[in-house]
file data-v6.cif (mmCIF, N, CA and C atoms)
data_start
#
loop_
_atom_site.group_PDB
_atom_site.id
_atom_site.type_symbol
_atom_site.label_atom_id
_atom_site.label_comp_id
_atom_site.auth_asym_id
_atom_site.auth_seq_id
_atom_site.Cartn_x
_atom_site.Cartn_y
_atom_site.Cartn_z
ATOM 1 N N MET R 1 -6.856 3.817 -5.712
ATOM 2 C CA MET R 1 -7.532 4.210 -4.495
ATOM 3 C C MET R 1 -6.763 5.290 -3.734
ATOM 4 N N THR R 2 -5.495 5.443 -4.034
ATOM 5 C CA THR R 2 -4.680 6.409 -3.297
ATOM 6 C C THR R 2 -5.219 7.831 -3.441
ATOM 7 N N LEU R 3 -5.477 8.251 -4.673
ATOM 8 C CA LEU R 3 -5.947 9.621 -4.893
ATOM 9 C C LEU R 3 -7.279 9.895 -4.199
ATOM 10 N N PRO R 4 -8.310 9.057 -4.390
ATOM 11 C CA PRO R 4 -9.577 9.345 -3.712
ATOM 12 C C PRO R 4 -9.457 9.363 -2.189
ATOM 13 N N LEU R 5 -8.710 8.432 -1.629
ATOM 14 C CA LEU R 5 -8.566 8.387 -0.172
ATOM 15 C C LEU R 5 -7.822 9.614 0.351
ATOM 16 N N ALA R 6 -6.770 10.017 -0.340
ATOM 17 C CA ALA R 6 -6.025 11.211 0.067
ATOM 18 C C ALA R 6 -6.899 12.463 -0.053
ATOM 19 N N LYS R 7 -7.715 12.536 -1.119
ATOM 20 C CA LYS R 7 -8.617 13.678 -1.290
ATOM 21 C C LYS R 7 -9.648 13.751 -0.169
ATOM 22 N N MET R 8 -10.046 12.597 0.361
ATOM 23 C CA MET R 8 -11.015 12.564 1.461
ATOM 24 C C MET R 8 -10.369 12.870 2.811
ATOM 25 N N GLY R 9 -9.038 13.034 2.819
ATOM 26 C CA GLY R 9 -8.353 13.414 4.043
ATOM 27 C C GLY R 9 -7.706 12.278 4.815
ATOM 28 N N TYR R 10 -7.769 11.068 4.275
ATOM 29 C CA TYR R 10 -7.135 9.936 4.955
ATOM 30 C C TYR R 10 -5.624 9.992 4.790
ATOM 31 N N ARG R 11 -4.912 9.505 5.792
ATOM 32 C CA ARG R 11 -3.463 9.298 5.666
ATOM 33 C C ARG R 11 -3.282 7.998 4.900
ATOM 34 N N VAL R 12 -2.488 8.041 3.858
ATOM 35 C CA VAL R 12 -2.319 6.890 2.980
ATOM 36 C C VAL R 12 -0.839 6.541 2.880
ATOM 37 N N THR R 13 -0.553 5.253 2.920
ATOM 38 C CA THR R 13 0.789 4.754 2.638
ATOM 39 C C THR R 13 0.693 3.946 1.360
ATOM 40 N N LEU R 14 1.434 4.346 0.357
ATOM 41 C CA LEU R 14 1.430 3.679 -0.941
ATOM 42 C C LEU R 14 2.705 2.862 -1.067
ATOM 43 N N CYS R 15 2.552 1.567 -1.290
ATOM 44 C CA CYS R 15 3.711 0.675 -1.436
ATOM 45 C C CYS R 15 3.694 0.017 -2.803
ATOM 46 N N ASP R 16 4.864 -0.123 -3.367
ATOM 47 C CA ASP R 16 5.027 -0.869 -4.614
ATOM 48 C C ASP R 16 6.471 -1.348 -4.666
ATOM 49 N N LEU R 17 6.674 -2.450 -5.349
ATOM 50 C CA LEU R 17 8.020 -2.991 -5.517
ATOM 51 C C LEU R 17 8.774 -2.272 -6.634
ATOM 52 N N SER R 18 8.026 -1.631 -7.527
ATOM 53 C CA SER R 18 8.608 -0.995 -8.703
ATOM 54 C C SER R 18 8.897 0.490 -8.481
ATOM 55 N N PRO R 19 10.171 0.887 -8.512
ATOM 56 C CA PRO R 19 10.492 2.312 -8.392
ATOM 57 C C PRO R 19 9.837 3.145 -9.498
ATOM 58 N N GLY R 20 9.727 2.572 -10.686
ATOM 59 C CA GLY R 20 9.093 3.282 -11.799
ATOM 60 C C GLY R 20 7.630 3.580 -11.528
ATOM 61 N N GLN R 21 6.910 2.606 -11.004
ATOM 62 C CA GLN R 21 5.500 2.822 -10.668
ATOM 63 C C GLN R 21 5.353 3.854 -9.550
ATOM 64 N N LEU R 22 6.275 3.826 -8.611
ATOM 65 C CA LEU R 22 6.223 4.805 -7.524
ATOM 66 C C LEU R 22 6.483 6.220 -8.037
ATOM 67 N N ARG R 23 7.370 6.369 -9.022
ATOM 68 C CA ARG R 23 7.619 7.691 -9.615
ATOM 69 C C ARG R 23 6.369 8.200 -10.330
ATOM 70 N N VAL R 24 5.692 7.308 -11.064
ATOM 71 C CA VAL R 24 4.448 7.687 -11.745
ATOM 72 C C VAL R 24 3.417 8.159 -10.719
ATOM 73 N N ALA R 25 3.267 7.400 -9.643
ATOM 74 C CA ALA R 25 2.317 7.766 -8.589
ATOM 75 C C ALA R 25 2.698 9.099 -7.952
ATOM 76 N N GLU R 26 3.978 9.289 -7.688
ATOM 77 C CA GLU R 26 4.445 10.542 -7.084
ATOM 78 C C GLU R 26 4.118 11.734 -7.975
ATOM 79 N N ASP R 27 4.324 11.583 -9.287
ATOM 80 C CA ASP R 27 4.001 12.665 -10.224
ATOM 81 C C ASP R 27 2.509 12.995 -10.193
ATOM 82 N N LYS R 28 1.662 11.959 -10.185
ATOM 83 C CA LYS R 28 0.209 12.179 -10.140
ATOM 84 C C LYS R 28 -0.196 12.880 -8.849
ATOM 85 N N LEU R 29 0.368 12.434 -7.749
ATOM 86 C CA LEU R 29 0.047 13.048 -6.459
ATOM 87 C C LEU R 29 0.500 14.505 -6.409
ATOM 88 N N ARG R 30 1.671 14.777 -6.952
ATOM 89 C CA ARG R 30 2.194 16.149 -6.970
ATOM 90 C C ARG R 30 1.265 17.046 -7.786
ATOM 91 N N LYS R 31 0.842 16.572 -8.972
ATOM 92 C CA LYS R 31 -0.039 17.365 -9.838
ATOM 93 C C LYS R 31 -1.378 17.655 -9.169
ATOM 94 N N GLN R 32 -1.839 16.744 -8.318
ATOM 95 C CA GLN R 32 -3.119 16.916 -7.619
ATOM 96 C C GLN R 32 -2.954 17.691 -6.303
ATOM 97 N N GLY R 33 -1.717 18.012 -5.931
ATOM 98 C CA GLY R 33 -1.465 18.707 -4.675
ATOM 99 C C GLY R 33 -1.660 17.828 -3.454
ATOM 100 N N LEU R 34 -1.442 16.519 -3.626
ATOM 101 C CA LEU R 34 -1.692 15.559 -2.548
ATOM 102 C C LEU R 34 -0.435 14.851 -2.055
ATOM 103 N N LEU R 35 0.705 15.222 -2.557
ATOM 104 C CA LEU R 35 1.939 14.505 -2.230
ATOM 105 C C LEU R 35 2.224 14.489 -0.727
ATOM 106 N N GLU R 36 1.912 15.577 -0.037
ATOM 107 C CA GLU R 36 2.196 15.638 1.399
ATOM 108 C C GLU R 36 1.256 14.759 2.228
ATOM 109 N N LYS R 37 0.178 14.265 1.629
ATOM 110 C CA LYS R 37 -0.779 13.420 2.357
ATOM 111 C C LYS R 37 -0.506 11.932 2.198
ATOM 112 N N VAL R 38 0.485 11.586 1.377
ATOM 113 C CA VAL R 38 0.744 10.175 1.070
ATOM 114 C C VAL R 38 2.210 9.847 1.329
ATOM 115 N N GLU R 39 2.434 8.802 2.099
ATOM 116 C CA GLU R 39 3.788 8.269 2.276
ATOM 117 C C GLU R 39 4.009 7.238 1.175
ATOM 118 N N ILE R 40 5.066 7.407 0.416
ATOM 119 C CA ILE R 40 5.385 6.492 -0.678
ATOM 120 C C ILE R 40 6.569 5.648 -0.252
ATOM 121 N N LYS R 41 6.406 4.339 -0.378
ATOM 122 C CA LYS R 41 7.440 3.430 0.114
ATOM 123 C C LYS R 41 7.639 2.281 -0.867
ATOM 124 N N GLU R 42 8.895 2.058 -1.263
ATOM 125 C CA GLU R 42 9.227 0.881 -2.062
ATOM 126 C C GLU R 42 9.256 -0.311 -1.109
ATOM 127 N N ALA R 43 8.433 -1.310 -1.399
ATOM 128 C CA ALA R 43 8.333 -2.439 -0.478
ATOM 129 C C ALA R 43 7.871 -3.694 -1.206
ATOM 130 N N ASP R 44 8.366 -4.819 -0.733
ATOM 131 C CA ASP R 44 7.964 -6.140 -1.219
ATOM 132 C C ASP R 44 6.766 -6.596 -0.396
ATOM 133 N N ILE R 45 5.690 -6.969 -1.050
ATOM 134 C CA ILE R 45 4.471 -7.380 -0.356
ATOM 135 C C ILE R 45 4.700 -8.587 0.552
ATOM 136 N N ALA R 46 5.721 -9.363 0.272
ATOM 137 C CA ALA R 46 6.014 -10.553 1.085
ATOM 138 C C ALA R 46 6.966 -10.247 2.244
ATOM 139 N N ALA R 47 7.420 -8.992 2.353
ATOM 140 C CA ALA R 47 8.323 -8.589 3.448
ATOM 141 C C ALA R 47 8.103 -7.103 3.734
ATOM 142 N N LEU R 48 6.945 -6.772 4.253
ATOM 143 C CA LEU R 48 6.586 -5.374 4.471
ATOM 144 C C LEU R 48 7.384 -4.753 5.623
ATOM 145 N N PRO R 49 7.879 -3.525 5.427
ATOM 146 C CA PRO R 49 8.728 -2.871 6.433
ATOM 147 C C PRO R 49 7.936 -2.088 7.485
ATOM 148 N N PHE R 50 6.902 -2.714 8.024
ATOM 149 C CA PHE R 50 6.050 -2.074 9.021
ATOM 150 C C PHE R 50 5.895 -3.004 10.215
ATOM 151 N N PRO R 51 5.691 -2.428 11.397
ATOM 152 C CA PRO R 51 5.480 -3.276 12.578
ATOM 153 C C PRO R 51 4.108 -3.960 12.535
ATOM 154 N N ASP R 52 3.939 -4.949 13.380
ATOM 155 C CA ASP R 52 2.661 -5.644 13.508
ATOM 156 C C ASP R 52 1.556 -4.643 13.858
ATOM 157 N N GLU R 53 0.371 -4.888 13.299
ATOM 158 C CA GLU R 53 -0.831 -4.103 13.605
ATOM 159 C C GLU R 53 -0.618 -2.600 13.410
ATOM 160 N N PHE R 54 0.027 -2.239 12.334
ATOM 161 C CA PHE R 54 0.372 -0.841 12.058
ATOM 162 C C PHE R 54 -0.764 -0.071 11.382
ATOM 163 N N PHE R 55 -1.521 -0.742 10.500
ATOM 164 C CA PHE R 55 -2.532 -0.070 9.685
ATOM 165 C C PHE R 55 -3.950 -0.375 10.148
ATOM 166 N N ASP R 56 -4.813 0.637 10.078
ATOM 167 C CA ASP R 56 -6.232 0.437 10.353
ATOM 168 C C ASP R 56 -6.899 -0.326 9.215
ATOM 169 N N LEU R 57 -6.447 -0.093 8.000
ATOM 170 C CA LEU R 57 -7.037 -0.715 6.815
ATOM 171 C C LEU R 57 -5.939 -0.974 5.798
ATOM 172 N N VAL R 58 -6.001 -2.118 5.153
ATOM 173 C CA VAL R 58 -5.057 -2.459 4.088
ATOM 174 C C VAL R 58 -5.864 -2.764 2.831
ATOM 175 N N LEU R 59 -5.553 -2.070 1.744
ATOM 176 C CA LEU R 59 -6.194 -2.314 0.457
ATOM 177 C C LEU R 59 -5.141 -2.781 -0.536
ATOM 178 N N CYS R 60 -5.464 -3.824 -1.269
ATOM 179 C CA CYS R 60 -4.591 -4.298 -2.348
ATOM 180 C C CYS R 60 -5.350 -4.140 -3.650
ATOM 181 N N VAL R 61 -4.814 -3.324 -4.524
ATOM 182 C CA VAL R 61 -5.495 -3.030 -5.776
ATOM 183 C C VAL R 61 -4.666 -3.556 -6.938
ATOM 184 N N ARG R 62 -5.319 -4.143 -7.894
ATOM 185 C CA ARG R 62 -4.718 -4.682 -9.115
ATOM 186 C C ARG R 62 -3.876 -5.928 -8.876
ATOM 187 N N GLY R 63 -4.273 -6.749 -7.939
ATOM 188 C CA GLY R 63 -3.732 -8.093 -7.789
ATOM 189 C C GLY R 63 -2.310 -8.293 -7.337
ATOM 190 N N PRO R 64 -1.770 -7.487 -6.407
ATOM 191 C CA PRO R 64 -0.377 -7.706 -6.008
ATOM 192 C C PRO R 64 -0.135 -9.063 -5.350
ATOM 193 N N ILE R 65 -1.146 -9.618 -4.707
ATOM 194 C CA ILE R 65 -0.964 -10.928 -4.072
ATOM 195 C C ILE R 65 -0.730 -11.995 -5.130
ATOM 196 N N SER R 66 -1.505 -11.950 -6.195
ATOM 197 C CA SER R 66 -1.356 -12.961 -7.245
ATOM 198 C C SER R 66 -0.042 -12.813 -8.007
ATOM 199 N N LEU R 67 0.581 -11.653 -7.941
ATOM 200 C CA LEU R 67 1.857 -11.432 -8.622
ATOM 201 C C LEU R 67 3.057 -11.790 -7.753
ATOM 202 N N ALA R 68 2.822 -11.995 -6.472
ATOM 203 C CA ALA R 68 3.918 -12.322 -5.547
ATOM 204 C C ALA R 68 4.441 -13.730 -5.808
ATOM 205 N N ALA R 69 5.730 -13.918 -5.593
ATOM 206 C CA ALA R 69 6.335 -15.249 -5.759
ATOM 207 C C ALA R 69 5.707 -16.251 -4.793
ATOM 208 N N ASP R 70 5.359 -15.797 -3.598
ATOM 209 C CA ASP R 70 4.727 -16.647 -2.583
ATOM 210 C C ASP R 70 3.468 -15.931 -2.097
ATOM 211 N N SER R 71 2.327 -16.251 -2.709
ATOM 212 C CA SER R 71 1.092 -15.536 -2.397
ATOM 213 C C SER R 71 0.627 -15.756 -0.959
ATOM 214 N N LEU R 72 0.890 -16.926 -0.389
ATOM 215 C CA LEU R 72 0.509 -17.163 1.007
ATOM 216 C C LEU R 72 1.322 -16.291 1.963
ATOM 217 N N LYS R 73 2.606 -16.146 1.670
ATOM 218 C CA LYS R 73 3.453 -15.283 2.501
ATOM 219 C C LYS R 73 2.996 -13.829 2.381
ATOM 220 N N ALA R 74 2.660 -13.418 1.165
ATOM 221 C CA ALA R 74 2.180 -12.052 0.945
ATOM 222 C C ALA R 74 0.889 -11.803 1.726
ATOM 223 N N ALA R 75 -0.044 -12.737 1.663
ATOM 224 C CA ALA R 75 -1.299 -12.596 2.410
ATOM 225 C C ALA R 75 -1.025 -12.555 3.913
ATOM 226 N N GLY R 76 -0.085 -13.346 4.364
ATOM 227 C CA GLY R 76 0.288 -13.342 5.774
ATOM 228 C C GLY R 76 0.873 -12.014 6.215
ATOM 229 N N GLU R 77 1.690 -11.415 5.363
ATOM 230 C CA GLU R 77 2.282 -10.108 5.680
ATOM 231 C C GLU R 77 1.208 -9.025 5.761
ATOM 232 N N LEU R 78 0.274 -9.058 4.821
ATOM 233 C CA LEU R 78 -0.803 -8.070 4.850
ATOM 234 C C LEU R 78 -1.632 -8.203 6.119
ATOM 235 N N THR R 79 -1.912 -9.432 6.495
ATOM 236 C CA THR R 79 -2.674 -9.681 7.721
ATOM 237 C C THR R 79 -1.882 -9.232 8.945
ATOM 238 N N ARG R 80 -0.592 -9.455 8.933
ATOM 239 C CA ARG R 80 0.267 -9.090 10.070
ATOM 240 C C ARG R 80 0.234 -7.593 10.359
ATOM 241 N N VAL R 81 0.217 -6.771 9.312
ATOM 242 C CA VAL R 81 0.293 -5.326 9.511
ATOM 243 C C VAL R 81 -1.068 -4.669 9.758
ATOM 244 N N MET R 82 -2.155 -5.449 9.692
ATOM 245 C CA MET R 82 -3.502 -4.930 9.962
ATOM 246 C C MET R 82 -3.798 -4.930 11.452
ATOM 247 N N LYS R 83 -4.464 -3.880 11.928
ATOM 248 C CA LYS R 83 -4.905 -3.859 13.326
ATOM 249 C C LYS R 83 -6.052 -4.837 13.541
ATOM 250 N N ILE R 84 -6.990 -4.856 12.618
ATOM 251 C CA ILE R 84 -8.122 -5.779 12.686
ATOM 252 C C ILE R 84 -7.911 -6.816 11.601
ATOM 253 N N ARG R 85 -7.891 -8.065 11.973
ATOM 254 C CA ARG R 85 -7.542 -9.153 11.056
ATOM 255 C C ARG R 85 -8.721 -9.584 10.178
ATOM 256 N N ILE R 86 -9.131 -8.681 9.307
ATOM 257 C CA ILE R 86 -10.157 -9.006 8.322
ATOM 258 C C ILE R 86 -9.498 -8.840 6.966
ATOM 259 N N PHE R 87 -9.575 -9.880 6.153
ATOM 260 C CA PHE R 87 -8.867 -9.861 4.881
ATOM 261 C C PHE R 87 -9.815 -10.242 3.757
ATOM 262 N N SER R 88 -9.763 -9.503 2.675
ATOM 263 C CA SER R 88 -10.538 -9.813 1.476
ATOM 264 C C SER R 88 -9.708 -9.400 0.282
ATOM 265 N N SER R 89 -9.731 -10.210 -0.739
ATOM 266 C CA SER R 89 -8.968 -9.876 -1.943
ATOM 267 C C SER R 89 -9.846 -10.051 -3.157
#
call {"tool": "encode", "arguments": {"input": "data-v6.cif", "output": "structure tokens"}}
result
Amino acid sequence: MTLPLAKMGYRVTLCDLSPGQLRVAEDKLRKQGLLEKVEIKEADIAALPFPDEFFDLVLCVRGPISLAADSLKAAGELTRVMKIRIFSS
């Protein structure tokens, strides 16, 4: 979802726990000329480095909640950083 959202002009923050996955994403964004529109951050879904109610929208793609050691904590963190507390996975 990062590429389509960035192409539409949205500010996007991309988080992943894996530095390797973040490098792959960075390369794709660079090739598309979208790197400056996306903040890339290494982060644990169960301990997000953002203040409360920071994001207008939070999208989780490819099941990061189910991969977390504590899925309830991960869901709680995602809810914490949302401005509007609507959650769907």
call {"tool": "resolve_selection", "arguments": {"input": "data-v6.cif", "expression": "the PyMOL selection byres ((chain R and resi 41) around 8)", "output": "VMD selection string"}}
result
chain R and resid 13 to 18 22 38 to 40 42 to 44
call {"tool": "atom_distance", "arguments": {"input": "data-v6.cif", "atom1": "atom N of R:Leu3", "atom2": "atom C of R:Ser71"}}
result
25.0 Å
call {"tool": "closest_residue", "arguments": {"input": "data-v6.cif", "among": "R:Lys7, R:Glu77, R:Phe54, R:Cys60", "to": "R:Leu34", "atoms": "only N, CA and C atoms"}}
result
R:Lys7
call {"tool": "atom_distance", "arguments": {"input": "data-v6.cif", "atom1": "atom C of R:Ala47", "atom2": "atom CA of R:Lys31"}}
result
29.1 Å
call {"tool": "select_by_dssp", "arguments": {"input": "data-v6.cif", "residues": "stretch 13-72 of chain R", "states": "strand (DSSP E or B)", "output": "MDAnalysis selection string"}}
result
chainID R and resid 13:16 38:42 44 47 55
call {"tool": "atom_distance", "arguments": {"input": "data-v6.cif", "atom1": "atom CA of R:Ala68", "atom2": "atom CA of R:Glu36"}}
result
28.9 Å
call {"tool": "residues_around", "arguments": {"input": "data-v6.cif", "residues": "R:Ile65", "least_positions_apart": "5", "cutoff": "8 Å", "atoms": "all atoms listed in the file", "output": "JSON, numbers by chain"}}
result
{"R": [45, 60, 70, 71, 72, 74, 75]}
call {"tool": "select_by_dssp", "arguments": {"input": "data-v6.cif", "residues": "chain R", "states": "helix (DSSP H, G or I)", "output": "ChimeraX atom specification"}}
result
/R:2-7,19-32,35-37,64-67,71-81
call {"tool": "residues_around", "arguments": {"input": "data-v6.cif", "residues": "R:Asp56", "least_positions_apart": "3", "cutoff": "8 Å", "atoms": "all atoms listed in the file", "output": "PDB file with N, CA and C atoms, in the coordinates of the input"}}
result
ATOM      1  N   GLU R  53       0.371  -4.888  13.299  1.00  0.00           N
ATOM      2  CA  GLU R  53      -0.831  -4.103  13.605  1.00  0.00           C
ATOM      3  C   GLU R  53      -0.618  -2.600  13.410  1.00  0.00           C
ATOM      4  N   LEU R  59      -5.553  -2.070   1.744  1.00  0.00           N
ATOM      5  CA  LEU R  59      -6.194  -2.314   0.457  1.00  0.00           C
ATOM      6  C   LEU R  59      -5.141  -2.781  -0.536  1.00  0.00           C
ATOM      7  N   VAL R  81       0.217  -6.771   9.312  1.00  0.00           N
ATOM      8  CA  VAL R  81       0.293  -5.326   9.511  1.00  0.00           C
ATOM      9  C   VAL R  81      -1.068  -4.669   9.758  1.00  0.00           C
ATOM     10  N   MET R  82      -2.155  -5.449   9.692  1.00  0.00           N
ATOM     11  CA  MET R  82      -3.502  -4.930   9.962  1.00  0.00           C
ATOM     12  C   MET R  82      -3.798  -4.930  11.452  1.00  0.00           C
ATOM     13  N   LYS R  83      -4.464  -3.880  11.928  1.00  0.00           N
ATOM     14  CA  LYS R  83      -4.905  -3.859  13.326  1.00  0.00           C
ATOM     15  C   LYS R  83      -6.052  -4.837  13.541  1.00  0.00           C
ATOM     16  N   ILE R  84      -6.990  -4.856  12.618  1.00  0.00           N
ATOM     17  CA  ILE R  84      -8.122  -5.779  12.686  1.00  0.00           C
ATOM     18  C   ILE R  84      -7.911  -6.816  11.601  1.00  0.00           C
TER      19      ILE R  84
END
call {"tool": "closest_residue", "arguments": {"input": "data-v6.cif", "among": "R:Arg62, R:Arg85, R:Arg11, R:Arg80", "to": "R:Pro49", "atoms": "only C-alpha atoms"}}
result
R:Arg80
call {"tool": "axis_aligned_box", "arguments": {"input": "data-v6.cif", "around": "stretch 16-24 of chain R", "padding_each_side": "6 Å", "output": "AutoDock Vina command-line options"}}
result
--center_x 7.0 --center_y 2.6 --center_z -7.6 --size_x 19.1 --size_y 23.2 --size_z 20.4
call {"tool": "closest_residue", "arguments": {"input": "data-v6.cif", "among": "R:Gly76, R:Ala46, R:Pro51, R:Leu29", "to": "R:Val12", "atoms": "only C-alpha atoms"}}
result
R:Leu29
